[in-house]
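Structure file entry00.txt with compact mmCIF, C-alpha atoms:
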```txt
# COMPACT_ATOMS: atom_id res chain seq x y z
CA MET A 10 -65.83 154.83 110.37
CA ILE A 11 -63.79 157.95 111.15
CA LEU A 12 -60.80 156.71 109.15
CA SER A 13 -63.07 155.87 106.22
CA ALA A 14 -64.59 159.36 106.22
CA TYR A 15 -61.11 160.89 106.47
CA ALA A 16 -59.81 158.82 103.53
CA LEU A 17 -62.86 159.68 101.43
CA LEU A 18 -62.48 163.42 101.95
CA VAL A 19 -58.75 163.28 101.21
CA VAL A 20 -59.05 161.40 97.90
CA LEU A 21 -62.27 163.13 96.77
CA PRO A 22 -60.59 166.14 95.05
CA VAL A 23 -58.40 163.82 92.99
CA ALA A 24 -61.36 161.66 92.03
CA LEU A 25 -63.44 164.71 91.07
CA GLY A 26 -60.62 166.22 89.03
CA TRP A 27 -59.91 163.07 87.07
CA TRP A 28 -63.63 162.39 86.54
CA LEU A 29 -64.56 165.91 85.41
CA ILE A 30 -61.41 166.85 83.48
CA GLY A 31 -59.39 163.68 83.16
CA PRO A 32 -55.65 163.05 83.45
CA ALA A 33 -53.81 164.06 80.30
CA ARG A 34 -50.23 164.76 81.37
CA PRO A 35 -47.18 162.62 82.11
CA TRP A 36 -47.80 160.36 85.09
CA LEU A 37 -45.34 162.24 87.31
CA ASP A 38 -47.25 165.48 86.72
CA GLU A 39 -50.52 163.79 87.56
CA ALA A 40 -49.00 162.18 90.65
CA SER A 41 -47.66 165.54 91.80
CA SER A 42 -51.07 167.20 91.41
CA ALA A 43 -52.76 164.33 93.21
CA ILE A 44 -50.25 164.53 96.07
CA ALA A 45 -50.75 168.29 96.39
CA MET A 46 -54.54 168.07 96.43
CA MET A 47 -54.61 165.25 98.98
CA ALA A 48 -52.05 167.03 101.17
CA THR A 49 -54.12 170.24 101.09
CA ALA A 50 -57.29 168.32 101.99
CA ALA A 51 -55.47 166.56 104.83
CA LEU A 52 -54.14 169.91 106.07
CA LEU A 53 -57.67 171.31 106.34
CA LEU A 54 -58.83 168.16 108.16
CA GLU A 55 -56.02 168.59 110.68
CA PHE A 56 -58.01 171.45 112.21
CA LEU A 57 -60.75 168.97 113.09
CA LEU A 58 -58.44 166.27 114.43
CA SER A 59 -56.66 168.71 116.73
CA GLY A 60 -59.84 170.42 117.94
CA ARG A 61 -60.73 167.97 120.76
CA PHE A 62 -64.18 167.24 119.36
CA ARG A 63 -65.85 164.44 121.29
CA VAL A 64 -67.70 163.21 118.21
CA ILE A 65 -64.25 162.21 116.91
CA SER A 66 -62.47 161.17 120.09
CA ALA A 67 -65.28 159.58 122.13
CA GLY A 68 -64.93 156.13 120.62
CA ILE A 69 -61.18 156.02 120.05
CA GLY A 70 -59.68 158.05 122.88
CA MET A 71 -58.23 161.54 122.78
CA ASP A 72 -54.65 160.31 122.67
CA ARG A 73 -55.33 158.17 119.60
CA SER A 74 -57.09 160.99 117.73
CA LEU A 75 -54.11 163.25 118.47
CA ARG A 76 -51.71 160.53 117.34
CA TRP A 77 -53.65 160.32 114.10
CA HIS A 78 -53.28 164.10 113.86
CA GLN A 79 -49.52 163.71 114.30
CA VAL A 80 -49.11 160.82 111.85
CA PHE A 81 -51.29 162.41 109.17
CA ALA A 82 -49.41 165.69 109.60
CA GLN A 83 -46.12 163.91 108.99
CA ILE A 84 -47.45 162.21 105.87
CA LEU A 85 -48.96 165.37 104.39
CA THR A 86 -45.77 167.30 105.17
CA LEU A 87 -43.63 164.82 103.28
CA ALA A 88 -46.10 164.72 100.40
CA ALA A 89 -46.37 168.50 100.12
CA LEU A 90 -42.62 169.04 100.32
CA LEU A 91 -42.02 166.51 97.55
CA HIS A 92 -44.89 167.77 95.39
CA PRO A 93 -43.04 170.45 93.36
CA LEU A 94 -40.11 168.13 92.63
CA PHE A 95 -42.14 165.75 90.44
CA TYR A 96 -43.32 168.09 87.70
CA LEU A 97 -42.03 167.58 84.16
CA THR A 98 -44.09 170.43 82.68
CA PRO A 99 -42.25 173.78 82.43
CA SER A 100 -43.15 175.97 85.38
CA GLY A 101 -43.82 179.05 83.30
CA ALA A 102 -46.71 177.55 81.34
CA ALA A 103 -50.06 179.18 81.90
CA SER A 104 -52.48 177.37 79.61
CA GLN A 105 -55.41 175.65 81.34
CA ARG A 106 -56.96 174.09 78.21
CA PRO A 107 -57.84 170.40 78.75
CA ASP A 108 -56.82 169.73 75.13
CA ASP A 109 -53.35 171.16 75.72
CA PRO A 110 -51.80 168.76 78.24
CA GLY A 111 -48.27 169.90 77.56
CA ALA A 112 -48.64 173.28 79.31
CA VAL A 113 -50.96 173.14 82.27
CA LEU A 114 -49.19 174.39 85.39
CA GLY A 115 -50.71 177.84 85.19
CA LEU A 116 -48.13 179.43 87.49
CA ASP A 117 -48.12 183.20 87.66
CA ALA A 118 -46.12 185.40 90.01
CA VAL A 119 -48.75 185.44 92.78
CA SER A 120 -49.48 181.70 92.73
CA LEU A 121 -45.76 180.99 92.70
CA ILE A 122 -45.30 183.20 95.77
CA THR A 123 -48.22 181.65 97.70
CA GLY A 124 -47.03 178.14 96.82
CA THR A 125 -43.50 178.94 97.97
CA LEU A 126 -44.75 180.52 101.19
CA ALA A 127 -46.95 177.52 101.92
CA TRP A 128 -44.02 175.17 101.25
CA LEU A 129 -41.69 177.09 103.57
CA LEU A 130 -44.32 177.59 106.29
CA LEU A 131 -45.18 173.90 106.32
CA GLY A 132 -41.54 173.02 106.86
CA LEU A 133 -41.22 175.60 109.64
CA LEU A 134 -44.35 174.38 111.48
CA THR A 135 -43.18 170.79 111.24
CA LEU A 136 -39.72 171.63 112.56
CA THR A 137 -41.06 173.63 115.51
CA ALA A 138 -43.47 170.81 116.37
CA ILE A 139 -40.68 168.23 116.39
CA ARG A 140 -38.39 170.45 118.51
CA ARG A 141 -41.11 171.99 120.65
CA ASP A 142 -39.40 171.14 123.95
CA ASP A 143 -36.22 172.91 122.81
CA LEU A 144 -37.92 176.19 121.90
CA PRO A 145 -37.19 179.18 124.19
CA TYR A 146 -40.82 180.13 124.82
CA ARG A 147 -43.82 178.78 126.69
CA TYR A 148 -46.25 176.16 125.45
CA GLU A 149 -49.06 178.74 125.22
CA THR A 150 -46.97 180.96 122.94
CA TRP A 151 -46.11 177.96 120.77
CA ARG A 152 -49.74 176.93 120.56
CA VAL A 153 -50.99 180.37 119.48
CA SER A 154 -48.21 180.84 116.93
CA ARG A 155 -48.82 177.35 115.57
CA GLY A 156 -52.55 178.00 115.18
CA LEU A 157 -51.97 181.28 113.36
CA GLY A 158 -49.29 179.68 111.21
CA ALA A 159 -51.59 176.79 110.27
CA ALA A 160 -54.35 179.21 109.27
CA LEU A 161 -51.91 181.17 107.07
CA LEU A 162 -50.61 177.93 105.59
CA ALA A 163 -54.15 176.84 104.68
CA GLY A 164 -54.83 180.17 102.98
CA PHE A 165 -51.58 180.10 100.97
CA ALA A 166 -52.08 176.47 99.96
CA LEU A 167 -55.66 176.99 98.82
CA HIS A 168 -54.80 180.08 96.77
CA HIS A 169 -51.96 178.20 95.11
CA ALA A 170 -54.12 175.15 94.39
CA ILE A 171 -56.98 177.11 92.88
CA SER A 172 -54.92 179.57 90.84
CA ALA A 173 -52.15 177.26 89.64
CA GLY A 174 -53.77 173.81 89.61
CA ARG A 175 -55.22 172.15 86.53
CA TYR A 176 -58.16 170.73 88.47
CA SER A 177 -58.90 172.89 91.52
CA GLY A 178 -60.33 175.80 89.54
CA ALA A 179 -63.23 173.68 88.28
CA PRO A 180 -66.60 174.62 89.86
CA ALA A 181 -67.05 171.23 91.58
CA LEU A 182 -63.55 171.42 93.05
CA MET A 183 -64.11 175.02 94.10
CA ALA A 184 -67.24 173.90 95.99
CA TYR A 185 -65.25 171.10 97.61
CA TRP A 186 -62.50 173.48 98.75
CA ALA A 187 -65.10 175.93 100.07
CA PHE A 188 -66.67 173.11 102.13
CA MET A 189 -63.30 172.00 103.51
CA LEU A 190 -62.27 175.56 104.33
CA ALA A 191 -65.60 176.05 106.12
CA LEU A 192 -64.88 172.92 108.20
CA ALA A 193 -61.44 174.21 109.14
CA LEU A 194 -62.55 177.74 109.97
CA GLY A 195 -65.63 176.43 111.76
CA SER A 196 -63.44 174.27 113.98
CA LEU A 197 -61.34 177.33 114.88
CA VAL A 198 -64.46 179.31 115.76
CA ALA A 199 -65.77 176.41 117.84
CA VAL A 200 -62.49 175.91 119.71
CA TYR A 201 -61.54 179.52 120.39
CA LEU A 202 -64.95 181.24 120.66
CA LEU A 203 -67.97 178.97 121.08
CA ARG A 204 -66.44 176.46 123.49
CA PRO A 205 -65.00 179.10 125.86
CA TRP A 206 -68.31 180.96 125.74
CA ARG A 207 -70.12 177.81 126.85
CA LEU A 208 -67.58 177.35 129.64
CA THR A 209 -68.36 180.81 131.03
CA ARG A 210 -71.88 179.57 131.75
CA ARG A 211 -70.59 176.68 133.90
CA PRO A 212 -67.77 178.07 136.07
CA TRP A 213 -65.96 176.21 138.83
CA ARG A 214 -63.91 177.35 141.79
CA ILE A 215 -60.75 176.02 143.38
CA ALA A 216 -61.97 174.49 146.65
CA GLY A 217 -58.82 172.70 147.76
CA LEU A 218 -55.11 172.48 146.97
CA GLU A 219 -52.83 170.23 149.00
CA ARG A 220 -49.30 168.93 148.63
CA VAL A 221 -49.55 165.13 148.89
CA GLY A 222 -46.00 164.05 148.07
CA ASP A 223 -42.73 164.98 146.45
CA GLN A 224 -43.79 167.48 143.74
CA LEU A 225 -47.33 166.09 143.94
CA TRP A 226 -50.52 168.08 144.47
CA SER A 227 -54.17 167.26 145.01
CA LEU A 228 -56.47 169.83 143.40
CA THR A 229 -60.21 169.94 144.15
CA LEU A 230 -62.71 171.90 142.05
CA GLU A 231 -66.33 172.52 142.99
CA PRO A 232 -69.10 173.64 140.61
CA ASP A 233 -70.18 177.24 141.00
CA GLY A 234 -73.92 177.54 140.44
CA HIS A 235 -74.51 174.33 138.48
CA ALA A 236 -74.76 170.59 139.04
CA GLY A 237 -71.24 169.73 137.94
CA LEU A 238 -69.80 167.53 135.22
CA SER A 239 -71.29 164.30 133.92
CA TYR A 240 -68.33 162.01 133.29
CA ARG A 241 -67.18 158.39 133.42
CA ALA A 242 -64.45 157.04 135.66
CA GLY A 243 -61.13 157.13 133.81
CA GLN A 244 -61.76 160.28 131.76
CA PHE A 245 -59.86 163.59 131.84
CA ALA A 246 -60.51 167.28 131.30
CA TRP A 247 -58.70 170.40 130.13
CA LEU A 248 -58.51 172.95 132.93
CA ARG A 249 -58.24 176.72 132.89
CA LEU A 250 -57.28 177.74 136.41
CA ASP A 251 -57.38 181.31 137.76
CA CYS A 252 -57.77 182.78 134.28
CA SER A 253 -60.40 183.63 131.69
CA ALA A 254 -62.39 180.96 129.87
CA PHE A 255 -60.94 182.40 126.65
CA SER A 256 -57.35 182.07 127.84
CA VAL A 257 -54.99 179.77 125.93
CA ARG A 258 -53.51 178.77 129.29
CA GLU A 259 -55.21 175.39 129.56
CA HIS A 260 -53.82 171.98 130.46
CA PRO A 261 -55.13 168.40 130.47
CA PHE A 262 -55.39 166.44 133.72
CA SER A 263 -56.97 163.08 134.47
CA ILE A 264 -59.87 163.08 136.91
CA ALA A 265 -58.91 161.15 140.04
CA SER A 266 -62.33 161.29 141.68
CA ALA A 267 -65.18 158.97 140.68
CA PRO A 268 -68.71 159.90 139.58
CA SER A 269 -69.98 158.25 142.77
CA ASP A 270 -67.95 160.73 144.88
CA GLY A 271 -70.29 163.66 144.21
CA ALA A 272 -70.11 166.88 142.22
CA ALA A 273 -66.57 167.94 143.19
CA LEU A 274 -63.71 166.97 140.90
CA ARG A 275 -60.34 165.90 142.25
CA PHE A 276 -57.10 165.90 140.25
CA LEU A 277 -53.66 164.55 141.15
CA ILE A 278 -51.01 166.76 139.55
CA LYS A 279 -47.27 166.27 139.33
CA GLU A 280 -44.89 169.19 138.89
CA ALA A 281 -43.44 168.58 135.45
CA GLY A 282 -43.48 171.81 133.45
CA ASP A 283 -43.78 175.61 133.55
CA PHE A 284 -47.41 175.56 134.65
CA THR A 285 -47.44 172.59 137.01
CA ARG A 286 -44.34 173.84 138.86
CA GLN A 287 -46.45 176.87 139.88
CA ILE A 288 -49.57 174.90 140.78
CA GLY A 289 -49.05 175.47 144.52
CA ALA A 290 -49.48 179.23 144.07
CA LEU A 291 -53.08 178.98 142.88
CA PRO A 292 -55.42 180.87 145.25
CA ILE A 293 -58.24 179.01 146.96
CA GLY A 294 -61.58 180.29 145.70
CA ALA A 295 -60.22 181.33 142.31
CA ARG A 296 -62.37 180.80 139.22
CA ALA A 297 -61.74 177.74 137.08
CA TYR A 298 -63.19 176.28 133.87
CA VAL A 299 -63.46 172.61 132.96
CA ASP A 300 -63.52 171.48 129.32
CA GLY A 301 -64.55 167.86 129.34
CA PRO A 302 -64.98 165.08 129.78
CA HIS A 303 -62.59 163.55 127.27
CA GLY A 304 -61.02 160.15 126.88
CA ALA A 305 -62.10 156.54 126.53
CA LEU A 306 -60.09 154.85 129.31
CA CYS A 307 -63.35 153.54 130.76
CA LEU A 308 -64.75 150.19 131.88
CA GLU A 309 -68.44 150.71 131.09
CA GLY A 310 -69.62 147.92 128.86
CA ARG A 311 -66.47 145.83 129.32
CA ARG A 312 -67.29 142.23 130.25
CA GLU A 313 -63.81 140.72 130.46
CA PRO A 314 -63.30 138.42 133.48
CA GLY A 315 -60.54 140.56 134.99
CA ILE A 316 -58.94 144.02 134.91
CA PHE A 317 -55.19 144.69 134.67
CA MET A 318 -53.99 148.28 135.19
CA ILE A 319 -50.51 149.54 134.32
CA ALA A 320 -49.73 153.09 135.44
CA GLY A 321 -46.69 155.33 135.73
CA GLY A 322 -46.41 158.46 137.89
CA ALA A 323 -49.42 160.73 137.48
CA GLY A 324 -50.94 158.04 135.27
CA LEU A 325 -52.39 156.66 138.48
CA ALA A 326 -55.10 159.38 138.50
CA PRO A 327 -57.54 157.70 136.05
CA MET A 328 -56.81 154.31 137.62
CA LEU A 329 -57.70 155.75 141.02
CA SER A 330 -60.97 157.04 139.58
CA LEU A 331 -61.72 153.60 138.15
CA LEU A 332 -60.84 151.87 141.43
CA ARG A 333 -63.04 154.24 143.43
CA GLN A 334 -65.95 153.63 141.10
CA ALA A 335 -65.32 149.87 141.21
CA ALA A 336 -65.44 149.95 145.01
CA ALA A 337 -68.66 151.97 144.95
CA ARG A 338 -70.43 149.48 142.71
CA GLY A 339 -69.06 146.41 144.48
CA GLU A 340 -66.79 145.09 141.74
CA THR A 341 -66.08 141.37 142.16
CA ARG A 342 -63.78 140.74 139.20
CA PRO A 343 -60.07 140.37 140.02
CA ILE A 344 -58.05 143.55 139.51
CA ALA A 345 -54.27 143.96 139.26
CA LEU A 346 -52.43 147.29 139.41
CA LEU A 347 -48.77 147.60 138.42
CA TYR A 348 -47.70 151.12 139.41
CA GLY A 349 -44.26 152.56 138.62
CA ASN A 350 -42.39 155.57 140.06
CA ARG A 351 -38.83 156.78 140.46
CA HIS A 352 -38.85 156.74 144.28
CA GLN A 353 -41.24 156.15 147.17
CA GLY A 354 -41.99 159.85 147.70
CA GLN A 355 -43.60 160.02 144.27
CA ILE A 356 -46.22 157.36 144.95
CA MET A 357 -49.61 159.03 144.67
CA ALA A 358 -52.44 158.22 147.10
CA ALA A 359 -50.45 155.42 148.74
CA ALA A 360 -52.75 155.15 151.77
CA GLU A 361 -55.89 155.20 149.64
CA LEU A 362 -54.51 152.51 147.35
CA ALA A 363 -53.82 150.32 150.37
CA ALA A 364 -57.37 150.92 151.61
CA LEU A 365 -58.85 150.10 148.21
CA ALA A 366 -56.82 146.89 148.17
CA GLY A 367 -58.72 145.94 151.31
CA ARG A 368 -62.13 146.72 149.78
CA LEU A 369 -61.57 145.23 146.34
CA PRO A 370 -60.10 142.01 144.96
CA LEU A 371 -57.08 144.16 144.08
CA ASP A 372 -53.53 142.84 143.66
CA LEU A 373 -51.35 145.94 144.06
CA HIS A 374 -47.67 146.02 143.03
CA HIS A 375 -45.36 149.05 143.20
CA VAL A 376 -42.28 149.38 140.98
CA LEU A 377 -39.53 151.79 142.10
CA GLN A 378 -36.35 152.75 140.28
CA GLU A 379 -34.74 154.05 143.50
CA PRO A 380 -36.18 151.94 146.34
CA PRO A 381 -35.58 152.76 150.03
CA PRO A 382 -33.77 150.32 152.34
CA GLY A 383 -35.86 147.26 153.08
CA TRP A 384 -38.08 147.70 150.00
CA THR A 385 -39.89 144.44 149.16
CA GLY A 386 -41.61 145.47 145.94
CA PHE A 387 -40.34 145.43 142.38
CA VAL A 388 -37.16 147.36 141.60
CA GLY A 389 -36.15 149.03 138.33
CA MET A 390 -37.94 150.27 135.24
CA MET A 391 -41.32 149.11 133.99
CA THR A 392 -39.83 146.76 131.40
CA PRO A 393 -41.56 144.53 128.85
CA ALA A 394 -40.17 141.49 130.68
CA LEU A 395 -41.72 142.60 134.00
CA ILE A 396 -45.07 143.35 132.38
CA GLN A 397 -44.99 140.07 130.49
CA ALA A 398 -44.33 138.11 133.69
CA GLU A 399 -47.02 139.86 135.76
CA ALA A 400 -49.69 139.95 133.04
CA ALA A 401 -49.30 136.36 131.82
CA GLN A 402 -52.28 134.98 133.74
CA GLY A 403 -54.54 137.87 132.78
CA ALA A 404 -53.56 137.50 129.15
CA ARG A 405 -54.43 133.78 129.20
CA GLU A 406 -57.77 134.43 130.86
CA GLY A 407 -58.84 137.26 128.53
CA TRP A 408 -58.60 140.25 130.90
CA VAL A 409 -58.88 143.86 129.76
CA PHE A 410 -55.68 145.94 130.08
CA LEU A 411 -55.65 149.66 130.91
CA LEU A 412 -52.51 151.76 130.40
CA CYS A 413 -51.74 155.33 131.42
CA GLY A 414 -48.36 156.97 131.79
CA PRO A 415 -45.32 158.30 129.95
CA GLY A 416 -44.48 157.14 126.45
CA PRO A 417 -41.63 154.73 127.35
CA MET A 418 -43.88 152.90 129.82
CA ILE A 419 -46.70 152.64 127.27
CA ARG A 420 -44.29 151.25 124.68
CA ALA A 421 -42.91 148.73 127.19
CA ALA A 422 -46.45 147.65 128.04
CA HIS A 423 -47.38 147.17 124.41
CA GLU A 424 -44.21 145.18 123.77
CA GLY A 425 -44.83 142.89 126.73
CA LEU A 426 -48.52 142.43 125.95
CA ALA A 427 -47.75 141.73 122.29
CA VAL A 428 -45.50 138.84 123.32
CA LEU A 429 -48.40 137.47 125.36
CA GLY A 430 -50.71 137.72 122.35
CA VAL A 431 -53.13 140.25 123.89
CA PRO A 432 -55.30 141.64 121.04
CA ARG A 433 -55.56 145.40 120.56
CA ARG A 434 -59.28 145.38 121.33
CA ARG A 435 -58.50 144.41 124.94
CA ILE A 436 -56.05 147.30 125.50
CA LEU A 437 -57.26 150.75 126.51
CA GLU A 438 -54.81 153.60 126.99
CA GLU A 439 -54.17 157.29 127.52
CA ARG A 440 -50.70 158.78 127.06
CA PHE A 441 -49.19 161.85 128.69
CA SER A 442 -47.89 163.07 125.33
CA VAL A 443 -48.38 162.02 121.73
CA PHE A 444 -45.61 164.20 120.24
```
Translate the structure described by the file into C-alpha cells.
Amino acid sequence: MILSAYALLVVLPVALGWWLIGPARPWLDEASSAIAMMATAALLLEFLLSGRFRVISAGIGMDRSLRWHQVFAQILTLAALLHPLFYLTPSGAASQRPDDPGAVLGLDAVSLITGTLAWLLLGLLTLTAIRRDDLPYRYETWRVSRGLGAALLAGFALHHAISAGRYSGAPALMAYWAFMLALALGSLVAVYLLRPWRLTRRPWRIAGLERVGDQLWSLTLEPDGHAGLSYRAGQFAWLRLDCSAFSVREHPFSIASAPSDGAALRFLIKEAGDFTRQIGALPIGARAYVDGPHGALCLEGRREPGIFMIAGGAGLAPMLSLLRQAAARGETRPIALLYGNRHQGQIMAAAELAALAGRLPLDLHHVLQEPPPGWTGFVGMMTPALIQAEAAQGAREGWVFLLCGPGPMIRAAHEGLAVLGVPRRRILEERFSVF
C-alpha cells in the first residue's frame, strides 16, 4: 500500500504533463524531463520517509522505512545527476509553445543557476551521507546541516522545474508541486516543532543509571506527571536525555523492559559513539523525553509454533523485552535465542537470561569471538553456516524469526535463513544502522 502510493505520487507529474500537453520532442528529451520530474517528486517524498511517522513505519518497521529512504535517495540521485546529460534540444532555447517542439527548454540565467545549484547540492548531500562516519563533526551537526541542505535543494529543484520545464509550469502541475511542497514542509514542521512540543507535555526523568558490563549501561526512565508510554514488547524509542525537547541531540534505543513491568522504561546501552561513550555522566533526576514507540519487532498476532531469536550485542534489548513479556503471559511455545558478542564481558543481562531460561521453554546459546578458558558455548562469528545449522528445525516447523543487531550479523542471518527456505513474511528485524 505504501509503495503503491509512493509510486503513484512519483509518476503522477509525468502522467499529468503528457496528458495535458503531450510529448512532442525527441525521446531522449522526454526521458530527461520525465526523470527530472520523478526525481524531484521523490526528493520531496524523502522528507516523509525520513520523518519517523508511525503511519508509515508501523506496519513495516522503522529500519525498513529508513532503508527505503536510503534506496530511493540513491535512485533519485543517479536520475537527477544524469538528467541534464540526455537533452538534445539546445540549452539556450526559451520557447514554451506546445506547437514548437524543437525549442522547449526555456532556460534563462536564473533557472540555469538554480538547476546547477540543485545538481551540485544533491551530489554533496549524497557524498556526505555515504562518508558520514569519516566526517570531522558530530552526528547532530551532520543531521542539522543535512536537513537545511535538503530544504535548499528542494527549493532550487522546484524553481528550476517550474521555470525551465516544458510541463511543470502548467496549472495542474503547479498545483501538484504545491501539494508536494506542502507535504515536505509540513513534515519538517511536524518533526522539528509539533513533535517536540508534544513531548514537553509528557516529560520523563532519569531514575537509574548503572554499569552492567564492559562498556554496558542500564538506563531507567520514569514518567514525570503522566501514566507513561503505551508500547509493545520489542519496540524502541528516540531519547533526548538531559536536554530540551527541541534539541537535535536525540538517539534511538530499544526498550529492554516489557509492558508488564510497569510504567518505568529500561534501556540497555552500549558505548559505541560520541554520545553513548558519555552516557555514564548523565545526572540522576535529569529531565528526559521519549519519542516513541517505534518499530515492528513484535510478536502480537503471530501464531507460528515457535520463536527463534538472533541477536548481536545491544540487539539483545528488544529480545529481552519480548522474553520478559513472554514470561509474564506464560508463553508455552518453544523459544531459541542465539546471542553473539565479542567477549564474555559484553554479554548483556546474563543472569536474567539464565533466569528466563528457567521460566520459559527457552534454548539459550551464546556465541563469543574471544571466549574465556573453559568456554563451552559457540566460538567465532555469527556466520550463515552457524545460523543455518541452529535454525534448521525451526525453519522446517514454520517458526517466526526475529533479528536485531549490526548489519553483518543481519546479513549473515538472512543468508542462512534463505538457504533454509524461510519466507520473508516469517522474518522480523530491526537493524542498528541502515546507512
Taking only C-alpha atoms into account, produce a table as CSV in which each residue of segment 116-221 of chain A with an atom at most 9 Å from an atom of segment 287-304 of chain A appears once, together with its shortest atom pair and the distance in Å to one decimal, ordered by chain and rising number.
```
residue,atom,partner,partner_atom,distance
A:Arg204,CA,A:Asp300,CA,8.2
A:Pro205,CA,A:Asp300,CA,8.5
A:Leu208,CA,A:Tyr298,CA,6.2
A:Thr209,CA,A:Tyr298,CA,7.4
A:Arg211,CA,A:Tyr298,CA,7.4
A:Pro212,CA,A:Tyr298,CA,5.4
A:Trp213,CA,A:Ala297,CA,4.8
A:Arg214,CA,A:Arg296,CA,4.6
A:Ile215,CA,A:Gly294,CA,4.9
A:Ala216,CA,A:Ile293,CA,5.9
A:Gly217,CA,A:Ile293,CA,6.4
A:Leu218,CA,A:Gly289,CA,7.2
A:Glu219,CA,A:Gly289,CA,7.9
A:Arg220,CA,A:Gly289,CA,7.7
```
Between atom CA of Ser196 of chain A and atom CA of Gly124 of chain A, distance in Å (one decimal):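 It comes out at 24.1 Å.
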Could you check the closest approach to Asp372 of chain A for each of A:Ala422, A:Ile316, A:Met390, A:Ala199 and tell me which residue wins, using all atoms listed in the file?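 Among the listed residues, the smallest separation from Asp372 of chain A belongs to A:Ile316.
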Within 12 Å of (-67.6, 171.3, 87.6) (coordinates as in the file), grab all the protein and nucleic acid residues, counting all atoms listed in the file, and write them out as JSON, numbers by chain. {"A": [22, 25, 26, 27, 28, 29, 30, 176, 177, 178, 179, 180, 181, 182, 183, 184, 185]}
Distance of atom CA of Leu91 of chain A from atom CA of Trp128 of chain A, expressed in Å to one decimal place: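 Taking atom CA of Trp128 of chain A and atom CA of Leu91 of chain A, their separation equals 9.6 Å.
Comparing the minimum interatomic distances between Ala242 of chain A and each of A:Gly282, A:Gly386, A:Pro327, A:Gly31, counting only C-alpha atoms, we find that A:Pro327 sits nearest.
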In Å, rounded to a single decimal, give me how far atom CA of Trp247 of chain A is from atom CA of Met318 of chain A.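 Taking atom CA of Met318 of chain A as the start and atom CA of Trp247 of chain A as the end point, the length is 23.2 Å.
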Choose the residue, out of A:Ala40, A:Ser263, A:Cys307, A:Ala400, that has the smallest atom-to-atom separation from Ala89 of chain A; count all atoms listed in the file.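 When distances to Ala89 of chain A are compared using all atoms listed in the file, the smallest one comes from A:Ala40.
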